[in-house]
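What's in final-v9.cif: mmCIF, C-alpha atoms
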```
data_model
loop_
_atom_site.group_PDB
_atom_site.id
_atom_site.type_symbol
_atom_site.label_atom_id
_atom_site.label_comp_id
_atom_site.auth_asym_id
_atom_site.auth_seq_id
_atom_site.Cartn_x
_atom_site.Cartn_y
_atom_site.Cartn_z
ATOM 1 C CA MET A 1 19.254 -8.604 8.439
ATOM 2 C CA SER A 2 17.128 -8.338 5.313
ATOM 3 C CA ARG A 3 13.378 -8.779 5.433
ATOM 4 C CA SER A 4 11.432 -11.036 3.091
ATOM 5 C CA PHE A 5 8.146 -9.918 1.546
ATOM 6 C CA GLY A 6 5.811 -12.384 -0.107
ATOM 7 C CA ILE A 7 2.358 -13.304 -1.346
ATOM 8 C CA GLU A 8 0.386 -16.278 -0.061
ATOM 9 C CA MET A 9 -2.126 -18.188 -2.230
ATOM 10 C CA ARG A 10 -4.683 -20.234 -0.295
ATOM 11 C CA ALA A 11 -6.796 -22.904 -1.991
ATOM 12 C CA PRO A 12 -7.144 -24.184 0.845
ATOM 13 C CA SER A 13 -3.412 -24.814 1.287
ATOM 14 C CA PHE A 14 -1.118 -21.925 0.425
ATOM 15 C CA THR A 15 2.054 -21.252 -1.515
ATOM 16 C CA ALA A 16 4.311 -18.370 -0.533
ATOM 17 C CA LEU A 17 5.758 -16.390 -3.442
ATOM 18 C CA ARG A 18 8.979 -15.038 -2.030
ATOM 19 C CA GLY A 19 11.631 -12.785 -3.491
ATOM 20 C CA HIS A 20 10.542 -9.166 -3.175
ATOM 21 C CA GLU A 21 12.653 -6.994 -0.886
ATOM 22 C CA ALA A 22 10.063 -4.334 -0.016
ATOM 23 C CA LYS A 23 6.314 -3.818 0.293
ATOM 24 C CA ILE A 24 4.068 -5.400 -2.319
ATOM 25 C CA MET A 25 1.523 -2.801 -3.425
ATOM 26 C CA SER A 26 -0.489 -4.602 -6.104
ATOM 27 C CA VAL A 27 -1.277 -8.196 -7.104
ATOM 28 C CA ARG A 28 -2.986 -9.052 -10.407
ATOM 29 C CA ALA A 29 -3.932 -12.298 -12.147
ATOM 30 C CA SER A 30 -3.418 -12.720 -15.888
ATOM 31 C CA PRO A 31 -6.534 -13.015 -18.087
ATOM 32 C CA ASP A 32 -6.015 -16.773 -18.501
ATOM 33 C CA GLY A 33 -5.329 -17.274 -14.790
ATOM 34 C CA ALA A 34 -1.947 -18.871 -15.448
ATOM 35 C CA MET A 35 0.211 -16.085 -13.996
ATOM 36 C CA ILE A 36 0.256 -13.631 -11.134
ATOM 37 C CA ALA A 37 2.050 -10.281 -11.277
ATOM 38 C CA THR A 38 3.239 -8.421 -8.181
ATOM 39 C CA ALA A 39 4.280 -4.767 -7.950
ATOM 40 C CA SER A 40 6.684 -3.792 -5.203
ATOM 41 C CA TRP A 41 8.480 -0.856 -3.675
ATOM 42 C CA ASP A 42 11.745 -2.661 -4.456
ATOM 43 C CA ARG A 43 11.250 -1.199 -7.988
ATOM 44 C CA ARG A 44 10.545 -4.615 -9.492
ATOM 45 C CA ILE A 45 7.564 -6.475 -10.911
ATOM 46 C CA GLY A 46 7.416 -10.216 -10.339
ATOM 47 C CA ILE A 47 5.760 -12.618 -12.778
ATOM 48 C CA TRP A 48 4.828 -15.907 -11.107
ATOM 49 C CA ASP A 49 3.523 -19.254 -12.344
ATOM 50 C CA VAL A 50 0.243 -20.048 -10.565
ATOM 51 C CA ALA A 51 0.547 -23.833 -10.967
ATOM 52 C CA THR A 52 4.017 -24.106 -9.441
ATOM 53 C CA GLY A 53 4.387 -20.892 -7.454
ATOM 54 C CA LEU A 54 7.760 -20.335 -9.091
ATOM 55 C CA LEU A 55 9.085 -17.009 -10.328
ATOM 56 C CA ILE A 56 9.013 -16.742 -14.116
ATOM 57 C CA ARG A 57 10.931 -13.468 -14.328
ATOM 58 C CA TRP A 58 11.476 -10.016 -12.904
ATOM 59 C CA LEU A 59 10.530 -6.929 -14.881
ATOM 60 C CA LYS A 60 13.099 -4.248 -14.116
ATOM 61 C CA GLY A 61 13.404 -0.679 -15.327
ATOM 62 C CA HIS A 62 11.459 1.578 -12.992
ATOM 63 C CA THR A 63 13.700 3.867 -10.960
ATOM 64 C CA SER A 64 11.345 4.119 -7.966
ATOM 65 C CA ASN A 65 8.546 2.252 -6.202
ATOM 66 C CA VAL A 66 6.097 0.356 -8.408
ATOM 67 C CA ASN A 67 2.547 1.026 -7.202
ATOM 68 C CA ASP A 68 0.116 -0.632 -9.591
ATOM 69 C CA ILE A 69 -0.017 -3.038 -12.526
ATOM 70 C CA ALA A 70 -2.534 -4.298 -15.086
ATOM 71 C CA PHE A 71 -2.462 -7.206 -17.528
ATOM 72 C CA THR A 72 -3.695 -6.896 -21.101
ATOM 73 C CA SER A 73 -5.000 -9.756 -23.223
ATOM 74 C CA ASP A 74 -2.174 -9.526 -25.791
ATOM 75 C CA GLY A 75 0.543 -10.718 -23.432
ATOM 76 C CA LYS A 76 1.525 -7.293 -22.104
ATOM 77 C CA LEU A 77 1.617 -5.770 -18.633
ATOM 78 C CA ILE A 78 1.258 -2.078 -17.759
ATOM 79 C CA SER A 79 2.869 -0.601 -14.657
ATOM 80 C CA ALA A 80 2.699 2.670 -12.723
ATOM 81 C CA SER A 81 5.485 3.997 -10.535
ATOM 82 C CA TYR A 82 6.592 6.791 -8.232
ATOM 83 C CA ASP A 83 9.173 7.597 -10.900
ATOM 84 C CA GLY A 84 6.285 9.307 -12.725
ATOM 85 C CA THR A 85 6.090 6.882 -15.627
ATOM 86 C CA ILE A 86 3.595 4.366 -16.944
ATOM 87 C CA ARG A 87 5.360 1.565 -18.792
ATOM 88 C CA GLU A 88 4.353 -1.378 -20.972
ATOM 89 C CA TRP A 89 6.154 -4.724 -20.828
ATOM 90 C CA ARG A 90 6.129 -7.843 -22.989
ATOM 91 C CA ILE A 91 5.689 -10.679 -20.509
ATOM 92 C CA ALA A 92 7.145 -13.423 -22.722
ATOM 93 C CA ASP A 93 10.681 -12.039 -22.536
ATOM 94 C CA GLY A 94 10.458 -9.220 -19.971
ATOM 95 C CA VAL A 95 11.261 -6.486 -22.490
ATOM 96 C CA GLN A 96 9.930 -2.985 -21.876
ATOM 97 C CA THR A 97 8.111 -2.117 -25.091
ATOM 98 C CA ARG A 98 7.310 1.547 -24.434
ATOM 99 C CA ILE A 99 6.878 4.310 -21.885
ATOM 100 C CA MET A 100 3.244 5.290 -22.228
ATOM 101 C CA ALA A 101 3.343 8.409 -20.051
ATOM 102 C CA ARG A 102 5.820 10.626 -18.236
ATOM 103 C CA HIS A 103 3.606 12.352 -15.706
ATOM 104 C CA GLY A 104 6.420 13.816 -13.632
ATOM 105 C CA PHE A 105 4.852 13.131 -10.244
ATOM 106 C CA GLY A 106 4.425 9.611 -8.932
ATOM 107 C CA VAL A 107 1.580 7.554 -10.403
ATOM 108 C CA ASN A 108 -0.421 5.628 -7.795
ATOM 109 C CA THR A 109 -3.206 3.759 -9.560
ATOM 110 C CA LEU A 110 -4.321 2.440 -12.965
ATOM 111 C CA LEU A 111 -7.549 1.454 -14.712
ATOM 112 C CA VAL A 112 -7.559 -0.313 -18.085
ATOM 113 C CA ASP A 113 -10.441 -0.951 -20.485
ATOM 114 C CA GLU A 114 -9.114 -2.775 -23.532
ATOM 115 C CA ALA A 115 -12.446 -2.973 -25.319
ATOM 116 C CA ALA A 116 -12.816 0.809 -25.210
ATOM 117 C CA ASP A 117 -9.079 1.360 -25.854
ATOM 118 C CA TRP A 118 -8.357 3.512 -22.816
ATOM 119 C CA LEU A 119 -6.198 3.624 -19.728
ATOM 120 C CA ALA A 120 -6.887 5.940 -16.776
ATOM 121 C CA TYR A 121 -4.421 6.840 -14.045
ATOM 122 C CA GLY A 122 -4.289 8.805 -10.810
ATOM 123 C CA ALA A 123 -1.148 10.505 -9.521
ATOM 124 C CA LEU A 124 0.438 11.951 -6.407
ATOM 125 C CA ASP A 125 -0.199 15.550 -7.493
ATOM 126 C CA GLY A 126 -3.905 14.942 -8.141
ATOM 127 C CA GLY A 127 -3.459 14.348 -11.865
ATOM 128 C CA THR A 128 -6.271 12.158 -13.196
ATOM 129 C CA ARG A 129 -6.034 11.472 -16.904
ATOM 130 C CA VAL A 130 -7.250 9.076 -19.576
ATOM 131 C CA LEU A 131 -4.927 7.859 -22.328
ATOM 132 C CA ARG A 132 -5.646 5.945 -25.495
ATOM 133 C CA LEU A 133 -4.296 2.473 -24.853
ATOM 134 C CA SER A 134 -3.178 1.878 -28.440
ATOM 135 C CA ASP A 135 -0.869 4.896 -28.777
ATOM 136 C CA GLY A 136 -0.725 6.619 -25.363
ATOM 137 C CA ALA A 137 -2.367 9.840 -26.570
ATOM 138 C CA GLU A 138 -4.222 11.828 -23.901
ATOM 139 C CA ILE A 139 -7.957 11.840 -24.550
ATOM 140 C CA ALA A 140 -9.357 13.255 -21.296
ATOM 141 C CA ASP A 141 -8.154 15.205 -18.260
ATOM 142 C CA LEU A 142 -10.309 14.676 -15.157
ATOM 143 C CA THR A 143 -7.962 16.491 -12.781
ATOM 144 C CA LEU A 144 -9.757 18.464 -10.056
ATOM 145 C CA ASP A 145 -6.636 19.850 -8.356
ATOM 146 C CA ARG A 146 -6.870 17.586 -5.311
ATOM 147 C CA ARG A 147 -4.046 15.389 -4.151
ATOM 148 C CA PRO A 148 -3.071 12.608 -4.046
ATOM 149 C CA ILE A 149 -5.228 10.200 -6.057
ATOM 150 C CA LEU A 150 -5.160 6.883 -4.197
ATOM 151 C CA SER A 151 -7.772 4.667 -5.861
ATOM 152 C CA MET A 152 -9.967 4.410 -8.955
ATOM 153 C CA ALA A 153 -12.830 2.144 -9.988
ATOM 154 C CA ARG A 154 -15.135 1.926 -12.983
ATOM 155 C CA ARG A 155 -18.645 0.678 -13.555
ATOM 156 C CA ALA A 156 -18.814 -2.524 -15.598
ATOM 157 C CA ASP A 157 -20.235 -0.758 -18.663
ATOM 158 C CA GLY A 158 -17.660 2.036 -18.465
ATOM 159 C CA GLY A 159 -20.357 4.668 -17.883
ATOM 160 C CA GLN A 160 -18.972 5.916 -14.585
ATOM 161 C CA ILE A 161 -15.631 6.248 -12.884
ATOM 162 C CA ALA A 162 -15.069 6.836 -9.167
ATOM 163 C CA VAL A 163 -11.888 8.377 -7.778
ATOM 164 C CA GLY A 164 -10.714 8.396 -4.170
ATOM 165 C CA ASP A 165 -8.191 11.030 -3.106
ATOM 166 C CA GLY A 166 -6.119 12.013 -0.092
ATOM 167 C CA GLU A 167 -8.765 14.393 1.207
ATOM 168 C CA GLY A 168 -11.253 11.579 1.653
ATOM 169 C CA LEU A 169 -13.411 12.670 -1.271
ATOM 170 C CA HIS A 170 -14.887 10.538 -3.993
ATOM 171 C CA HIS A 171 -15.576 12.202 -7.305
ATOM 172 C CA GLY A 172 -16.403 10.871 -10.723
ATOM 173 C CA GLY A 173 -16.953 11.779 -14.303
ATOM 174 C CA TRP A 174 -17.042 9.712 -17.433
ATOM 175 C CA ASN A 175 -18.223 10.038 -20.985
ATOM 176 C CA ARG A 176 -19.081 6.862 -22.862
ATOM 177 C CA GLN A 177 -18.138 8.621 -26.090
ATOM 178 C CA LEU A 178 -14.481 9.316 -25.348
ATOM 179 C CA ASP A 179 -13.938 10.686 -28.842
ATOM 180 C CA HIS A 180 -15.565 13.864 -27.508
ATOM 181 C CA PRO A 181 -14.297 14.290 -23.941
ATOM 182 C CA ALA A 182 -15.301 17.296 -21.884
ATOM 183 C CA ARG A 183 -12.557 19.333 -20.291
ATOM 184 C CA LEU A 184 -12.512 21.491 -17.212
ATOM 185 C CA SER A 185 -9.948 24.116 -16.294
ATOM 186 C CA ARG A 186 -8.529 24.135 -12.770
ATOM 187 C CA ARG A 187 -10.195 27.488 -12.139
ATOM 188 C CA GLN A 188 -13.566 26.084 -13.156
ATOM 189 C CA ALA A 189 -13.013 22.952 -11.110
ATOM 190 C CA ARG A 190 -12.177 24.894 -7.960
ATOM 191 C CA ALA A 191 -15.248 27.075 -8.473
ATOM 192 C CA GLY A 192 -17.450 23.988 -8.315
ATOM 193 C CA LEU A 193 -15.838 22.149 -5.430
ATOM 194 C CA GLY A 194 -18.169 23.709 -2.874
ATOM 195 C CA ALA A 195 -20.932 21.508 -4.283
ATOM 196 C CA GLY A 196 -18.660 18.484 -4.295
ATOM 197 C CA LEU A 197 -18.683 18.521 -8.108
ATOM 198 C CA CYS A 198 -19.340 21.093 -10.795
ATOM 199 C CA ARG A 199 -23.075 20.677 -11.287
ATOM 200 C CA TRP A 200 -23.150 22.309 -14.706
ATOM 201 C CA TRP A 201 -20.592 19.761 -15.923
ATOM 202 C CA TYR A 202 -21.623 16.666 -13.983
ATOM 203 C CA ARG A 203 -24.902 15.189 -12.848
ATOM 204 C CA PRO A 204 -23.714 14.069 -9.397
ATOM 205 C CA ALA A 205 -25.391 11.757 -6.936
ATOM 206 C CA CYS A 206 -24.070 12.644 -3.485
ATOM 207 C CA ARG A 207 -24.629 11.000 -0.114
ATOM 208 C CA TRP A 208 -23.312 11.682 3.363
ATOM 209 C CA TYR A 209 -21.420 8.734 4.788
ATOM 210 C CA ARG A 210 -19.602 8.781 8.132
ATOM 211 C CA GLY A 211 -19.328 12.535 8.056
ATOM 212 C CA ARG A 212 -18.048 12.760 4.486
ATOM 213 C CA ARG A 213 -19.830 13.716 1.309
ATOM 214 C CA LEU A 214 -19.304 11.072 -1.334
ATOM 215 C CA CYS A 215 -20.204 11.854 -4.931
ATOM 216 C CA LEU A 216 -20.522 9.565 -7.928
ATOM 217 C CA ALA A 217 -21.384 11.091 -11.255
ATOM 218 C CA ARG A 218 -21.274 10.808 -15.020
ATOM 219 C CA TRP A 219 -21.132 13.331 -17.814
ATOM 220 C CA PRO A 220 -24.479 14.013 -19.489
ATOM 221 C CA ASP A 221 -25.151 11.837 -22.539
#
```
What would you get if you wrote out this structure as structure tokens?
Amino acid sequence: MSRSFGIEMRAPSFTALRGHEAKIMSVRASPDGAMIATASWDRRIGIWDVATGLLIRWLKGHTSNVNDIAFTSDGKLISASYDGTIREWRIADGVQTRIMARHGFGVNTLLVDEAADWLAYGALDGGTRVLRLSDGAEIADLTLDRRPILSMARRADGGQIAVGDGEGLHHGGWNRQLDHPARLSRRQARAGLGAGLCRWWYRPACRWYRGRRLCLARWPD
């Protein structure tokens, strides 16, 4: 017997969005609030009409679990998958417009800043990179050789980024002027991990919380 996976919208009544055949890992609302996108381990992305609760279309093409998604204001959607790719889709007709990255290992999480023209992602192997949104070119590598990257968040002004990984650590590093990103070799990164972050590269603010050292930092201006 097959199982049904769905999303419920409550306002205060609810509408169940049904159709996925596996876990739903990410739910995002479109910039205009008219659509909801769902990413699932059934390898599909669902696009749903908020007003009616009906499915608009499926976006298909990933060959493994879809973990995260992000809308853009120009009618596109970006997706990250365990197949190691980050893909861009045109929502109007469901066409995949490009593969933005082929990381190799599964990609778990995405961050998008359209105004600054960047996309950041975190992967199963610890890869943490920033791509130019317009052409997919890599503009920063924040990898610290820890695995896997499970979550990412950014400050509203883009001045800081926080990353949560499978070892329970939070680390961060961001340069407002991404035209001149700093880079750190894996050897240098490992040399600085005893302090939580490389102090000569970052200016970290660290606190102990429930037995873990959490660090949030930015690159010097």
Requested in this report: Please determine the residues with any atom at most 8 Å from (10.5, -4.4, -14.5) (coordinates as given in the file, with all atoms listed in the file counting) and report them as a list in words.
Outcome: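 Counting all atoms listed in the file, I find these residues within 8 Å of (10.5, -4.4, -14.5): Arg43, Arg44, Ile45, Gly46, Trp58, Leu59, Lys60, Gly61, His62, Trp89, Gly94 and Gln96 of chain A.
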Report task. Rank A:Leu119, A:Leu110, A:Thr38, A:Ala29 by their smallest atom-to-atom distance to Val50 of chain A, using only C-alpha atoms, and report the top residue only. Result ->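 Going through A:Leu119, A:Leu110, A:Thr38, A:Ala29 one by one, the smallest distance to Val50 of chain A is for A:Ala29.
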Edge lengths and centre, in Å to one decimal, as JSON: that's what I need for the box along x, y and z that holds all listed atoms of segment 20-26 of chain A plus 5 Å on each side.
```
{"center_x": 6.1, "center_y": -6.0, "center_z": -2.9, "size_x": 23.1, "size_y": 16.4, "size_z": 16.4}
```
Query - Two-atom distance - atom CA of Leu131 of chain A, atom CA of Ala37 of chain A (Å) - result: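 So the two atoms, atom CA of Leu131 of chain A and atom CA of Ala37 of chain A, lie 22.4 Å apart.
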Query - Matched chain/residue IDs from the PyMOL selection byres ((chain A and resi 22) around 7), as a VMD selection string - result: chain A and resid 5 20 to 21 23 to 24 40 to 42
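Coordinates place atom CA of Arg147 of chain A at a distance of 11.0 Å from atom CA of Phe105 of chain A.
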**Report entry** Trp48 of chain A surroundings by only C-alpha atoms, 6 Å radius, close-in-sequence under 2 positions cut, as a list in words
**Finding:** Met35, Ile36, Leu54, Leu55 and Ile56 of chain A
Let me see the file: selected residues, C-alpha atoms, as an mmCIF file, keeping the file's coordinate frame.
```
data_model
loop_
_atom_site.group_PDB
_atom_site.id
_atom_site.type_symbol
_atom_site.label_atom_id
_atom_site.label_comp_id
_atom_site.auth_asym_id
_atom_site.auth_seq_id
_atom_site.Cartn_x
_atom_site.Cartn_y
_atom_site.Cartn_z
ATOM 1 C CA MET A 35 0.211 -16.085 -13.996
ATOM 2 C CA ILE A 36 0.256 -13.631 -11.134
ATOM 3 C CA LEU A 54 7.760 -20.335 -9.091
ATOM 4 C CA LEU A 55 9.085 -17.009 -10.328
ATOM 5 C CA ILE A 56 9.013 -16.742 -14.116
#
```
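Interatomic distance, atom CA of Thr63 of chain A to atom CA of Met152 of chain A: 23.8 Å.
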Query raised in the report: Smallest atom-to-atom distance to Asp49 of chain A: which of A:Ala34, A:Ile161, A:Ala80, A:Val27, using only C-alpha atoms?
Result: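 Ranking A:Ala34, A:Ile161, A:Ala80, A:Val27 by distance to Asp49 of chain A, first place goes to A:Ala34.
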Requested in this report: Measuring atom to atom with all atoms listed in the file, identify which of A:Trp118, A:Asp32, A:Thr128, A:Ser79 is nearest to Ile99 of chain A.
Outcome: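 That would be A:Ser79, the residue with the smallest distance to Ile99 of chain A.
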Requested in this report: Fewer than 5 positions away in the same chain doesn't count, so skip those; otherwise give me all residues within 10 Å of Tyr82 of chain A, counting only C-alpha atoms, as a list in words.
Outcome: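 Selected residues are Trp41, Arg43, His62, Thr63, Ser64, Asn65, Val66, Asn67, Asp68, His103, Gly104, Phe105, Gly106, Val107, Asn108, Ala123 and Leu124 of chain A.
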